[in-house]
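Asks: Input file: coords-v8.txt. Contents: compact mmCIF, C-alpha atoms.
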# COMPACT_ATOMS: atom_id res chain seq x y z
CA MET A 1 -9.02 22.59 14.55
CA MET A 2 -7.11 21.33 17.56
CA GLY A 3 -9.17 21.87 20.63
CA ASP A 4 -12.48 21.54 18.76
CA SER A 5 -13.59 18.31 20.36
CA THR A 6 -16.31 17.68 17.80
CA ARG A 7 -13.58 17.21 15.18
CA THR A 8 -11.48 14.87 17.31
CA LEU A 9 -11.52 11.21 16.29
CA ALA A 10 -10.98 8.70 19.08
CA VAL A 11 -9.15 5.54 18.06
CA ARG A 12 -11.05 2.30 18.61
CA ALA A 13 -9.85 -1.30 18.91
CA LEU A 14 -10.47 -3.32 15.77
CA THR A 15 -12.98 -6.16 16.01
CA ARG A 16 -14.71 -8.11 13.25
CA GLU A 17 -18.08 -6.93 14.49
CA ALA A 18 -17.20 -3.24 14.57
CA PHE A 19 -15.64 -3.40 11.12
CA THR A 20 -18.48 -5.33 9.44
CA PRO A 21 -20.15 -2.26 7.89
CA PHE A 22 -16.91 -1.35 6.15
CA GLY A 23 -15.48 -4.66 4.96
CA GLN A 24 -13.59 -7.51 6.57
CA VAL A 25 -10.80 -8.01 9.08
CA ILE A 26 -8.12 -10.28 7.60
CA GLY A 27 -6.78 -12.49 10.37
CA THR A 28 -6.87 -16.03 11.66
CA ARG A 29 -8.60 -15.56 15.00
CA GLY A 30 -12.11 -16.96 14.85
CA ALA A 31 -11.77 -17.70 11.12
CA ARG A 32 -12.90 -20.90 9.42
CA HIS A 33 -9.92 -23.18 8.95
CA TYR A 34 -9.04 -26.72 8.04
CA PRO A 35 -5.91 -28.82 7.51
CA ILE A 36 -4.44 -29.26 4.04
CA ASN A 37 -1.19 -30.62 2.61
CA ASP A 38 -1.26 -33.83 4.67
CA GLY A 39 -1.71 -31.85 7.84
CA THR A 40 1.42 -29.74 7.45
CA THR A 41 -0.59 -26.58 6.69
CA THR A 42 -3.71 -24.99 8.14
CA ARG A 43 -5.81 -23.01 5.68
CA PHE A 44 -7.75 -20.06 7.13
CA HIS A 45 -10.09 -19.84 4.19
CA ASP A 46 -11.58 -16.92 2.29
CA LEU A 47 -10.96 -14.11 4.75
CA ALA A 48 -11.95 -11.18 2.54
CA LYS A 49 -14.50 -10.52 -0.18
CA VAL A 50 -12.61 -9.43 -3.27
CA GLU A 51 -14.99 -7.26 -5.33
CA LEU A 52 -14.26 -6.65 -9.00
CA ALA A 53 -16.96 -4.69 -10.78
CA GLY A 54 -16.99 -3.03 -14.18
CA TRP A 55 -15.44 -3.73 -17.51
CA ARG A 56 -12.22 -5.77 -17.86
CA ALA A 57 -11.87 -5.96 -14.09
CA HIS A 58 -9.09 -8.08 -12.66
CA PRO A 59 -7.29 -8.27 -9.33
CA LEU A 60 -3.88 -6.73 -8.71
CA ILE A 61 -1.30 -7.76 -6.13
CA SER A 62 0.92 -4.82 -5.17
CA ILE A 63 3.02 -3.67 -2.24
CA PHE A 64 2.36 -0.27 -0.66
CA ARG A 65 5.19 1.25 1.34
CA GLY A 66 3.80 3.80 3.78
CA ARG A 67 5.66 6.58 5.55
CA PRO A 68 4.78 6.71 9.23
CA PHE A 69 2.29 9.20 10.62
CA ALA A 70 2.20 10.37 14.23
CA PRO A 71 -0.42 12.27 16.20
CA PRO A 72 -1.85 14.74 15.62
CA ILE A 73 -2.99 13.02 12.41
CA ARG A 74 -5.17 15.17 10.19
CA VAL A 75 -8.03 13.43 8.42
CA ALA A 76 -8.77 16.07 5.80
CA MET A 77 -10.22 13.82 3.10
CA LEU A 78 -11.50 10.34 2.38
CA GLU A 79 -11.68 8.31 -0.79
CA ARG A 80 -13.62 5.35 -2.10
CA HIS A 81 -13.37 2.89 -4.95
CA PRO A 82 -16.74 2.47 -6.71
CA LEU A 83 -15.62 -0.56 -8.70
CA GLY A 84 -13.63 -2.68 -6.31
CA SER A 85 -12.53 -3.68 -2.84
CA GLN A 86 -9.05 -2.92 -1.53
CA ALA A 87 -7.27 -5.20 0.95
CA PHE A 88 -4.29 -4.13 3.09
CA MET A 89 -2.25 -6.82 4.82
CA PRO A 90 0.75 -5.56 6.82
CA LEU A 91 4.06 -7.29 6.20
CA SER A 92 5.31 -6.33 9.66
CA ALA A 93 3.93 -6.26 13.19
CA ARG A 94 3.72 -2.46 13.18
CA PRO A 95 0.18 -1.16 13.64
CA PHE A 96 -1.68 1.15 11.30
CA VAL A 97 -4.85 3.21 11.44
CA ALA A 98 -7.92 2.43 9.33
CA VAL A 99 -10.22 5.43 9.05
CA VAL A 100 -13.60 4.64 7.51
CA ALA A 101 -17.01 6.27 7.22
CA GLY A 102 -20.51 5.40 6.20
CA ASP A 103 -22.07 7.17 3.24
CA GLU A 104 -24.63 9.92 3.72
CA ASP A 105 -26.16 11.03 0.43
CA GLY A 106 -22.96 10.60 -1.52
CA ARG A 107 -20.61 12.05 1.05
CA PRO A 108 -18.92 10.48 4.06
CA GLY A 109 -20.51 10.70 7.50
CA ARG A 110 -18.46 11.10 10.64
CA PRO A 111 -15.40 8.83 10.36
CA SER A 112 -14.44 5.97 12.66
CA ALA A 113 -10.76 5.31 13.34
CA PHE A 114 -9.55 1.78 14.11
CA LEU A 115 -6.12 0.86 15.39
CA VAL A 116 -5.11 -2.27 13.48
CA GLY A 117 -2.37 -4.43 14.90
CA PRO A 118 -1.55 -8.08 15.55
CA ASP A 119 -3.68 -10.13 17.91
CA ALA A 120 -3.12 -13.58 19.39
CA GLY A 121 -3.82 -15.02 15.92
CA GLY A 122 -0.97 -13.13 14.27
CA LEU A 123 -0.88 -10.19 11.90
CA ARG A 124 -4.16 -8.54 10.95
CA GLY A 125 -5.19 -6.52 7.96
CA VAL A 126 -8.39 -5.06 6.58
CA ASN A 127 -10.31 -5.24 3.33
CA TYR A 128 -12.26 -2.10 2.47
CA ALA A 129 -15.44 -3.13 0.71
CA ARG A 130 -16.29 -1.60 -2.65
CA ASN A 131 -17.50 1.99 -2.34
CA VAL A 132 -16.66 2.32 1.36
CA TRP A 133 -15.18 5.70 2.31
CA HIS A 134 -11.71 5.35 3.80
CA HIS A 135 -8.56 7.36 4.34
CA PRO A 136 -5.42 6.51 2.39
CA LEU A 137 -2.85 4.38 4.20
CA ILE A 138 -1.84 5.62 7.67
CA ALA A 139 1.25 3.66 8.68
CA LEU A 140 2.68 4.10 12.18
CA GLU A 141 6.02 3.82 13.98
CA GLY A 142 8.20 3.34 10.91
CA GLU A 143 8.15 2.89 7.16
CA SER A 144 5.90 -0.11 6.64
CA ASP A 145 5.06 -2.41 3.74
CA PHE A 146 1.61 -3.80 3.03
CA LEU A 147 0.47 -6.38 0.53
CA VAL A 148 -2.47 -4.81 -1.28
CA VAL A 149 -5.10 -6.64 -3.34
CA ASP A 150 -7.24 -4.27 -5.37
CA ARG A 151 -8.73 -3.82 -8.82
CA ASP A 152 -7.52 -2.87 -12.24
CA GLY A 153 -9.78 -2.41 -15.24
CA GLU A 154 -11.68 0.18 -17.16
CA GLY A 155 -13.77 2.92 -15.59
CA ASP A 156 -13.13 5.51 -12.89
CA ASN A 157 -12.46 3.64 -9.66
CA LEU A 158 -11.57 6.62 -7.46
CA GLU A 159 -13.76 9.18 -5.77
CA THR A 160 -12.45 11.62 -3.17
CA PHE A 161 -14.11 13.94 -0.69
CA ALA A 162 -12.44 16.81 1.15
CA PHE A 163 -13.92 17.83 4.49
CA ASP A 164 -14.60 21.55 4.98
CA GLN A 165 -12.89 21.19 8.32
CA PRO A 166 -10.45 18.33 8.94
CA TYR A 167 -10.89 15.76 11.65
CA VAL A 168 -7.90 15.07 13.89
CA ILE A 169 -6.58 11.99 15.67
CA ASP A 170 -4.88 13.50 18.71
CA SER A 171 -3.86 10.25 20.37
CA LEU A 172 -3.44 6.58 19.54
CA ASP A 173 -4.61 5.54 23.00
CA LEU A 174 -7.67 3.34 22.64
CA SER A 175 -10.89 4.95 23.74
CA MET B 1 16.95 -42.47 -1.38
CA MET B 2 19.54 -40.68 0.73
CA GLY B 3 22.91 -41.05 -0.90
CA ASP B 4 21.46 -41.29 -4.41
CA SER B 5 22.85 -38.02 -5.69
CA THR B 6 20.62 -37.97 -8.75
CA ARG B 7 17.63 -37.54 -6.42
CA THR B 8 19.22 -34.77 -4.37
CA LEU B 9 17.85 -31.26 -4.98
CA ALA B 10 20.25 -28.40 -4.40
CA VAL B 11 18.68 -25.20 -3.14
CA ARG B 12 19.13 -22.14 -5.35
CA ALA B 13 18.89 -18.45 -4.55
CA LEU B 14 15.66 -16.87 -5.78
CA THR B 15 15.90 -14.32 -8.58
CA ARG B 16 13.22 -12.90 -10.84
CA GLU B 17 15.01 -14.28 -13.88
CA ALA B 18 15.36 -17.82 -12.54
CA PHE B 19 11.73 -17.91 -11.45
CA THR B 20 10.25 -16.50 -14.66
CA PRO B 21 9.27 -19.90 -16.15
CA PHE B 22 7.23 -20.67 -13.04
CA GLY B 23 5.51 -17.39 -12.16
CA GLN B 24 6.56 -14.18 -10.44
CA VAL B 25 8.61 -13.08 -7.46
CA ILE B 26 6.56 -10.75 -5.27
CA GLY B 27 8.88 -8.09 -3.89
CA THR B 28 9.78 -4.45 -4.24
CA ARG B 29 13.35 -4.69 -5.50
CA GLY B 30 13.51 -3.69 -9.14
CA ALA B 31 9.72 -3.38 -9.34
CA ARG B 32 7.87 -0.54 -11.05
CA HIS B 33 6.76 1.97 -8.43
CA TYR B 34 5.38 5.46 -8.09
CA PRO B 35 4.22 7.79 -5.33
CA ILE B 36 0.56 7.96 -4.35
CA ASN B 37 -1.43 9.48 -1.47
CA ASP B 38 0.27 12.89 -1.68
CA GLY B 39 3.67 11.26 -1.52
CA THR B 40 3.08 9.46 1.78
CA THR B 41 2.93 6.04 0.08
CA THR B 42 4.95 4.31 -2.64
CA ARG B 43 3.01 1.85 -4.76
CA PHE B 44 5.00 -1.10 -6.13
CA HIS B 45 2.46 -1.91 -8.77
CA ASP B 46 1.08 -5.18 -10.12
CA LEU B 47 3.72 -7.60 -8.87
CA ALA B 48 1.98 -10.86 -9.75
CA LYS B 49 -0.29 -12.10 -12.51
CA VAL B 50 -3.48 -13.36 -10.89
CA GLU B 51 -4.95 -15.99 -13.23
CA LEU B 52 -8.60 -16.97 -12.87
CA ALA B 53 -9.81 -19.39 -15.52
CA GLY B 54 -12.97 -21.43 -15.76
CA TRP B 55 -16.54 -20.96 -14.72
CA ARG B 56 -17.53 -18.68 -11.81
CA ALA B 57 -13.87 -18.00 -11.05
CA HIS B 58 -13.06 -15.44 -8.38
CA PRO B 59 -10.04 -14.67 -6.23
CA LEU B 60 -9.70 -15.75 -2.62
CA ILE B 61 -7.61 -14.16 0.11
CA SER B 62 -6.65 -16.71 2.77
CA ILE B 63 -3.92 -17.27 5.33
CA PHE B 64 -1.91 -20.50 5.26
CA ARG B 65 -0.15 -21.46 8.47
CA GLY B 66 2.70 -23.84 7.72
CA ARG B 67 4.50 -26.16 10.09
CA PRO B 68 8.25 -25.93 9.67
CA PHE B 69 10.22 -28.49 7.69
CA ALA B 70 13.91 -29.24 8.20
CA PRO B 71 16.39 -31.15 6.07
CA PRO B 72 16.27 -33.82 4.89
CA ILE B 73 13.07 -32.61 3.18
CA ARG B 74 11.39 -35.24 1.02
CA VAL B 75 9.84 -34.04 -2.22
CA ALA B 76 7.63 -37.03 -2.94
CA MET B 77 4.94 -35.30 -4.97
CA LEU B 78 4.04 -32.09 -6.74
CA GLU B 79 0.72 -30.47 -7.54
CA ARG B 80 -0.62 -27.90 -9.97
CA HIS B 81 -3.74 -25.80 -10.37
CA PRO B 82 -5.06 -25.95 -13.93
CA LEU B 83 -7.49 -23.08 -13.44
CA GLY B 84 -5.62 -20.48 -11.44
CA SER B 85 -2.45 -18.98 -10.07
CA GLN B 86 -1.54 -19.20 -6.38
CA ALA B 87 0.42 -16.47 -4.62
CA PHE B 88 2.25 -16.95 -1.30
CA MET B 89 3.40 -13.88 0.60
CA PRO B 90 5.11 -14.55 3.94
CA LEU B 91 3.88 -12.57 6.92
CA SER B 92 7.22 -12.96 8.68
CA ALA B 93 10.89 -12.76 7.76
CA ARG B 94 11.31 -16.53 8.00
CA PRO B 95 12.38 -18.13 4.73
CA PHE B 96 10.56 -20.89 2.89
CA VAL B 97 11.33 -23.25 0.04
CA ALA B 98 9.58 -23.06 -3.32
CA VAL B 99 9.91 -26.31 -5.28
CA VAL B 100 8.77 -26.06 -8.89
CA ALA B 101 9.11 -28.08 -12.08
CA GLY B 102 8.47 -27.70 -15.76
CA ASP B 103 5.95 -29.96 -17.42
CA GLU B 104 7.04 -32.88 -19.59
CA ASP B 105 4.12 -34.52 -21.36
CA GLY B 106 1.74 -34.00 -18.48
CA ARG B 107 4.11 -34.90 -15.67
CA PRO B 108 6.68 -32.80 -13.83
CA GLY B 109 10.30 -32.78 -14.95
CA ARG B 110 13.17 -32.59 -12.51
CA PRO B 111 12.26 -30.06 -9.81
CA SER B 112 14.09 -26.86 -8.94
CA ALA B 113 14.21 -25.73 -5.30
CA PHE B 114 14.44 -22.01 -4.46
CA LEU B 115 15.16 -20.60 -1.03
CA VAL B 116 12.80 -17.62 -0.64
CA GLY B 117 13.60 -15.02 1.97
CA PRO B 118 13.75 -11.27 2.41
CA ASP B 119 16.15 -9.18 0.35
CA ALA B 120 17.17 -5.54 0.67
CA GLY B 121 13.70 -4.60 -0.60
CA GLY B 122 11.89 -6.37 2.22
CA LEU B 123 9.85 -9.55 2.38
CA ARG B 124 9.51 -11.63 -0.75
CA GLY B 125 6.93 -14.12 -1.90
CA VAL B 126 6.15 -16.05 -5.02
CA ASN B 127 3.18 -16.47 -7.33
CA TYR B 128 2.91 -19.87 -8.98
CA ALA B 129 1.49 -19.41 -12.45
CA ARG B 130 -1.55 -21.40 -13.51
CA ASN B 131 -0.71 -25.03 -14.21
CA VAL B 132 2.86 -24.85 -12.90
CA TRP B 133 3.95 -27.90 -10.93
CA HIS B 134 4.94 -27.00 -7.37
CA HIS B 135 5.26 -28.59 -3.96
CA PRO B 136 2.83 -27.65 -1.20
CA LEU B 137 4.05 -25.06 1.29
CA ILE B 138 7.48 -25.76 2.84
CA ALA B 139 7.86 -23.37 5.77
CA LEU B 140 11.16 -23.23 7.64
CA GLU B 141 12.47 -22.38 11.12
CA GLY B 142 9.09 -22.04 12.84
CA GLU B 143 5.36 -22.07 12.29
CA SER B 144 4.82 -19.39 9.65
CA ASP B 145 1.83 -17.57 8.20
CA PHE B 146 1.45 -16.66 4.54
CA LEU B 147 -1.14 -14.53 2.81
CA VAL B 148 -2.37 -16.60 -0.12
CA VAL B 149 -4.24 -15.33 -3.17
CA ASP B 150 -5.71 -18.14 -5.23
CA ARG B 151 -8.87 -19.16 -7.06
CA ASP B 152 -12.30 -20.36 -6.16
CA GLY B 153 -14.92 -21.42 -8.69
CA GLU B 154 -16.27 -24.41 -10.49
CA GLY B 155 -14.15 -27.14 -12.03
CA ASP B 156 -11.30 -29.30 -10.77
CA ASN B 157 -8.41 -27.00 -9.93
CA LEU B 158 -6.04 -29.59 -8.43
CA GLU B 159 -3.82 -32.16 -10.08
CA THR B 160 -1.18 -34.11 -8.18
CA PHE B 161 1.72 -36.28 -9.25
CA ALA B 162 3.63 -38.71 -7.02
CA PHE B 163 7.22 -39.47 -7.96
CA ASP B 164 8.18 -43.16 -8.12
CA GLN B 165 11.21 -42.22 -6.09
CA PRO B 166 11.18 -39.07 -3.95
CA TYR B 167 13.64 -36.24 -4.37
CA VAL B 168 15.39 -34.99 -1.24
CA ILE B 169 16.64 -31.59 -0.10
CA ASP B 170 19.58 -32.53 2.12
CA SER B 171 20.73 -29.02 2.93
CA LEU B 172 19.49 -25.44 2.80
CA ASP B 173 22.94 -24.13 1.93
CA LEU B 174 22.76 -22.33 -1.39
CA SER B 175 24.43 -24.14 -4.26
Starting from the file, lay out its structure as structure tokens.
Replies:
Amino acid sequence: MMGDSTRTLAVRALTREAFTPFGQVIGTRGARHYPINDGTTTRFHDLAKVELAGWRAHPLISIFRGRPFAPPIRVAMLERHPLGSQAFMPLSARPFVAVVAGDEDGRPGRPSAFLVGPDAGGLRGVNYARNVWHHPLIALEGESDFLVVDRDGEGDNLETFAFDQPYVIDSLDLS
Amino acid sequence: MMGDSTRTLAVRALTREAFTPFGQVIGTRGARHYPINDGTTTRFHDLAKVELAGWRAHPLISIFRGRPFAPPIRVAMLERHPLGSQAFMPLSARPFVAVVAGDEDGRPGRPSAFLVGPDAGGLRGVNYARNVWHHPLIALEGESDFLVVDRDGEGDNLETFAFDQPYVIDSLDLS
């Protein structure tokens, strides 16, 4: 696979606009905010759309601890959650990679890879919208914890797709 | 108020057991966990009970940015949310103070103050259960961001209570 440039995924900088088809960026920069608690706190309000479909659906708060990946990173499969969104908020300043793809007749199209790290507004995370193809957690640099908000409930909330030929992230340099 | 020892709140270390009447500690230590994602991730599962009562209730993911407090910290009022829980997960290693109280005939009893900071399992946060009296965010040491999971929807989800005489946290040394 290495050397087949059509299977190489370039890593892009994360912006709200670029991520819109796939969910939301969770961060303070450019977000609606207002003072609360007698002015001692600023609330950056409603940064992600929590989707909870299906029977007996309710939100879960969990912590995911990811082992670090390093290039070359193989993207051999993607998954999606037909019944709920899944938010990942890093609990450290270490970056991670969000790999997402649009749907093409029930299977993922060519993936996009975003490098997610802090900006001037602080830590940033992402919320994968319901049914959006994405790769499982790709932590970087060191073992990293993430607060995850996703869905519990009845019904099958996991679909996976294995690529015939894996994609590869050869470098974390932004394209 | 200073010097009136009956109004002085000592700060206690946070443990799951001590916090049980008020909600949950969000952290990995001692939490149920299992490997996912082909063993590259550990999931510490379902660490907080997200409560969403009332009409058109749905969860919100927001970021609260708190200005730092320093002793003496006046605890002049508490609030509670009759229709939903409220989780605070710090996005930094800076500690914060969680002030909570049991209910006595519709008003808060004597508050308890917990110093919340990282333990060997990493960052820790708290989830205030529905209708538990608590003080608004008390950040420490520097401006600090928290991921907050609480409730939106119809109905009045805020009740406040002002003490006739404030309590005071004179020191952050653990009692």
Asks: Residues of chain B that approach chain A to 6 Å or less, counting all atoms listed in the file: could you list each one with the shortest pair of atoms and its distance in Å to one decimal, rows by chain and increasing residue number, as a tab-separated table?
Replies:
residue	atom	partner	partner_atom	distance
B:Thr40	CA	A:Arg67	CA	5.4
B:Thr41	CA	A:Gly66	CA	4.4
B:Thr42	CA	A:Arg65	CA	5.0
B:Arg43	CA	A:Phe64	CA	4.7
B:Phe44	CA	A:Ile63	CA	5.1
B:His45	CA	A:Ser62	CA	4.9
B:Asp46	CA	A:Ser62	CA	5.0
B:Leu47	CA	A:Ser62	CA	5.4
B:Ala48	CA	A:Ile61	CA	5.8
B:Leu60	CA	A:Asp46	CA	5.4
B:Ile61	CA	A:Asp46	CA	5.3
B:Ser62	CA	A:His45	CA	4.9
B:Ile63	CA	A:Phe44	CA	5.1
B:Phe64	CA	A:Arg43	CA	4.7
B:Arg65	CA	A:Thr42	CA	5.0
B:Gly66	CA	A:Thr41	CA	4.4
B:Arg67	CA	A:Thr40	CA	5.4
B:Leu91	CA	A:Leu91	CA	5.3
Asks: Work out how far apart atom CA of Arg12 of chain B and atom CA of Ser112 of chain B are and give it in Å to one decimal.
Replies: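 Between atom CA of Arg12 of chain B and atom CA of Ser112 of chain B the gap works out to 7.8 Å.
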Asks: Can I have chain B aligned to chain A? Use a least-squares fit on all Cα atoms paired in order and write it out as a short mmCIF file (atom, residue, chain, number, x, y, z; two decimals) with C-alpha atoms, in the frame of the given file.
Replies:
data_model
loop_
_atom_site.label_atom_id
_atom_site.label_comp_id
_atom_site.auth_asym_id
_atom_site.auth_seq_id
_atom_site.Cartn_x
_atom_site.Cartn_y
_atom_site.Cartn_z
CA MET B 1 -9.03 22.60 14.51
CA MET B 2 -7.10 21.36 17.53
CA GLY B 3 -9.20 21.89 20.61
CA ASP B 4 -12.49 21.55 18.74
CA SER B 5 -13.59 18.31 20.34
CA THR B 6 -16.30 17.66 17.79
CA ARG B 7 -13.56 17.20 15.17
CA THR B 8 -11.46 14.88 17.31
CA LEU B 9 -11.51 11.20 16.31
CA ALA B 10 -10.95 8.70 19.09
CA VAL B 11 -9.16 5.53 18.07
CA ARG B 12 -11.07 2.29 18.62
CA ALA B 13 -9.86 -1.28 18.92
CA LEU B 14 -10.48 -3.33 15.78
CA THR B 15 -13.00 -6.16 15.99
CA ARG B 16 -14.72 -8.12 13.24
CA GLU B 17 -18.10 -6.93 14.48
CA ALA B 18 -17.20 -3.24 14.56
CA PHE B 19 -15.66 -3.40 11.10
CA THR B 20 -18.47 -5.34 9.43
CA PRO B 21 -20.17 -2.26 7.88
CA PHE B 22 -16.92 -1.34 6.15
CA GLY B 23 -15.48 -4.66 4.95
CA GLN B 24 -13.58 -7.51 6.57
CA VAL B 25 -10.80 -8.02 9.08
CA ILE B 26 -8.12 -10.27 7.60
CA GLY B 27 -6.79 -12.48 10.37
CA THR B 28 -6.86 -16.02 11.65
CA ARG B 29 -8.60 -15.56 14.99
CA GLY B 30 -12.10 -16.97 14.84
CA ALA B 31 -11.77 -17.70 11.11
CA ARG B 32 -12.91 -20.91 9.43
CA HIS B 33 -9.91 -23.18 8.95
CA TYR B 34 -9.02 -26.73 8.04
CA PRO B 35 -5.90 -28.82 7.51
CA ILE B 36 -4.43 -29.26 4.04
CA ASN B 37 -1.17 -30.62 2.60
CA ASP B 38 -1.24 -33.83 4.66
CA GLY B 39 -1.71 -31.85 7.84
CA THR B 40 1.43 -29.74 7.44
CA THR B 41 -0.58 -26.58 6.67
CA THR B 42 -3.72 -24.99 8.13
CA ARG B 43 -5.81 -23.02 5.67
CA PHE B 44 -7.74 -20.06 7.12
CA HIS B 45 -10.09 -19.85 4.20
CA ASP B 46 -11.58 -16.93 2.29
CA LEU B 47 -10.96 -14.11 4.75
CA ALA B 48 -11.94 -11.18 2.54
CA LYS B 49 -14.49 -10.53 -0.18
CA VAL B 50 -12.61 -9.43 -3.28
CA GLU B 51 -15.00 -7.27 -5.32
CA LEU B 52 -14.26 -6.64 -8.99
CA ALA B 53 -16.97 -4.70 -10.79
CA GLY B 54 -17.01 -3.05 -14.18
CA TRP B 55 -15.46 -3.76 -17.52
CA ARG B 56 -12.22 -5.77 -17.87
CA ALA B 57 -11.88 -5.96 -14.09
CA HIS B 58 -9.09 -8.08 -12.67
CA PRO B 59 -7.28 -8.26 -9.34
CA LEU B 60 -3.89 -6.73 -8.70
CA ILE B 61 -1.30 -7.75 -6.13
CA SER B 62 0.92 -4.81 -5.17
CA ILE B 63 3.02 -3.66 -2.24
CA PHE B 64 2.34 -0.27 -0.65
CA ARG B 65 5.17 1.25 1.35
CA GLY B 66 3.80 3.81 3.78
CA ARG B 67 5.65 6.58 5.56
CA PRO B 68 4.77 6.69 9.24
CA PHE B 69 2.28 9.19 10.64
CA ALA B 70 2.22 10.38 14.24
CA PRO B 71 -0.41 12.27 16.20
CA PRO B 72 -1.84 14.75 15.63
CA ILE B 73 -2.98 13.01 12.41
CA ARG B 74 -5.16 15.17 10.18
CA VAL B 75 -8.02 13.43 8.41
CA ALA B 76 -8.76 16.07 5.79
CA MET B 77 -10.22 13.83 3.10
CA LEU B 78 -11.50 10.35 2.39
CA GLU B 79 -11.68 8.31 -0.78
CA ARG B 80 -13.62 5.34 -2.09
CA HIS B 81 -13.38 2.89 -4.96
CA PRO B 82 -16.73 2.47 -6.70
CA LEU B 83 -15.62 -0.56 -8.70
CA GLY B 84 -13.62 -2.69 -6.30
CA SER B 85 -12.53 -3.67 -2.84
CA GLN B 86 -9.04 -2.91 -1.52
CA ALA B 87 -7.27 -5.19 0.94
CA PHE B 88 -4.30 -4.12 3.09
CA MET B 89 -2.25 -6.80 4.82
CA PRO B 90 0.74 -5.56 6.82
CA LEU B 91 4.05 -7.29 6.20
CA SER B 92 5.31 -6.34 9.66
CA ALA B 93 3.93 -6.26 13.19
CA ARG B 94 3.71 -2.46 13.18
CA PRO B 95 0.18 -1.17 13.65
CA PHE B 96 -1.68 1.14 11.31
CA VAL B 97 -4.85 3.21 11.44
CA ALA B 98 -7.91 2.44 9.34
CA VAL B 99 -10.23 5.44 9.04
CA VAL B 100 -13.61 4.64 7.52
CA ALA B 101 -17.01 6.29 7.23
CA GLY B 102 -20.51 5.40 6.20
CA ASP B 103 -22.05 7.17 3.25
CA GLU B 104 -24.65 9.90 3.72
CA ASP B 105 -26.18 11.00 0.43
CA GLY B 106 -22.97 10.58 -1.51
CA ARG B 107 -20.61 12.06 1.05
CA PRO B 108 -18.91 10.48 4.06
CA GLY B 109 -20.49 10.70 7.50
CA ARG B 110 -18.45 11.11 10.64
CA PRO B 111 -15.40 8.85 10.37
CA SER B 112 -14.44 5.98 12.66
CA ALA B 113 -10.75 5.32 13.35
CA PHE B 114 -9.56 1.77 14.12
CA LEU B 115 -6.13 0.87 15.41
CA VAL B 116 -5.11 -2.27 13.48
CA GLY B 117 -2.37 -4.44 14.90
CA PRO B 118 -1.56 -8.07 15.55
CA ASP B 119 -3.68 -10.13 17.91
CA ALA B 120 -3.12 -13.58 19.39
CA GLY B 121 -3.81 -15.03 15.93
CA GLY B 122 -0.98 -13.13 14.28
CA LEU B 123 -0.89 -10.19 11.90
CA ARG B 124 -4.15 -8.55 10.95
CA GLY B 125 -5.21 -6.50 7.97
CA VAL B 126 -8.38 -5.05 6.59
CA ASN B 127 -10.31 -5.23 3.34
CA TYR B 128 -12.26 -2.10 2.47
CA ALA B 129 -15.44 -3.12 0.71
CA ARG B 130 -16.30 -1.60 -2.65
CA ASN B 131 -17.48 1.98 -2.34
CA VAL B 132 -16.65 2.34 1.36
CA TRP B 133 -15.17 5.70 2.30
CA HIS B 134 -11.70 5.35 3.81
CA HIS B 135 -8.55 7.36 4.34
CA PRO B 136 -5.41 6.51 2.39
CA LEU B 137 -2.84 4.38 4.20
CA ILE B 138 -1.84 5.62 7.68
CA ALA B 139 1.25 3.66 8.69
CA LEU B 140 2.67 4.09 12.19
CA GLU B 141 6.01 3.81 13.99
CA GLY B 142 8.19 3.32 10.91
CA GLU B 143 8.14 2.89 7.16
CA SER B 144 5.90 -0.13 6.64
CA ASP B 145 5.06 -2.41 3.73
CA PHE B 146 1.60 -3.79 3.03
CA LEU B 147 0.46 -6.37 0.53
CA VAL B 148 -2.48 -4.81 -1.28
CA VAL B 149 -5.11 -6.63 -3.34
CA ASP B 150 -7.24 -4.26 -5.37
CA ARG B 151 -8.73 -3.81 -8.83
CA ASP B 152 -7.52 -2.88 -12.24
CA GLY B 153 -9.78 -2.41 -15.25
CA GLU B 154 -11.69 0.18 -17.16
CA GLY B 155 -13.78 2.91 -15.58
CA ASP B 156 -13.15 5.50 -12.88
CA ASN B 157 -12.46 3.63 -9.65
CA LEU B 158 -11.57 6.62 -7.45
CA GLU B 159 -13.76 9.19 -5.77
CA THR B 160 -12.44 11.62 -3.17
CA PHE B 161 -14.11 13.94 -0.70
CA ALA B 162 -12.43 16.81 1.16
CA PHE B 163 -13.91 17.83 4.49
CA ASP B 164 -14.58 21.55 4.98
CA GLN B 165 -12.89 21.19 8.32
CA PRO B 166 -10.44 18.33 8.92
CA TYR B 167 -10.88 15.75 11.64
CA VAL B 168 -7.89 15.07 13.89
CA ILE B 169 -6.57 11.99 15.66
CA ASP B 170 -4.87 13.49 18.71
CA SER B 171 -3.85 10.25 20.36
CA LEU B 172 -3.44 6.57 19.55
CA ASP B 173 -4.61 5.53 23.01
CA LEU B 174 -7.67 3.33 22.65
CA SER B 175 -10.91 4.95 23.73
#
Asks: Residues near Arg74 of chain A, anyone? I mean within 9 Å using all atoms listed in the file, not counting same-chain ones fewer than 5 positions away, as a list of chain:residue names.
Replies: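 My list of contacting residues is A:Pro166, A:Tyr167, A:Val168, A:Ile169, A:Asp170.
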Asks: How far is it from atom CA of Ala57 of chain A to atom CA of Ser85 of chain A, in Å with one decimal?
Replies: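 Going from atom CA of Ala57 of chain A over to atom CA of Ser85 of chain A covers 11.5 Å.
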Asks: Record the distance separating atom CA of Glu17 of chain B and atom CA of Ala98 of chain B, expressed in Å with one decimal.
Replies: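 So the answer is 14.8 Å.
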Asks: Could you check which residues have any atom within 12 Å of (-12.9, -6.9, 15.2), counting all atoms listed in the file with coordinates taken straight from the file, and then list them as a PyMOL selection string?
Replies: chain A and resi 12-31+114-119+124-126
Asks: Would you list the contacts of Asp103 of chain B as an NGL selection string, taking every protein, DNA or RNA residue within 8 Å and counting all atoms listed in the file, but skipping same-chain residues closer than 3 positions in sequence?
Replies: :B and (106-109 or 132-133)
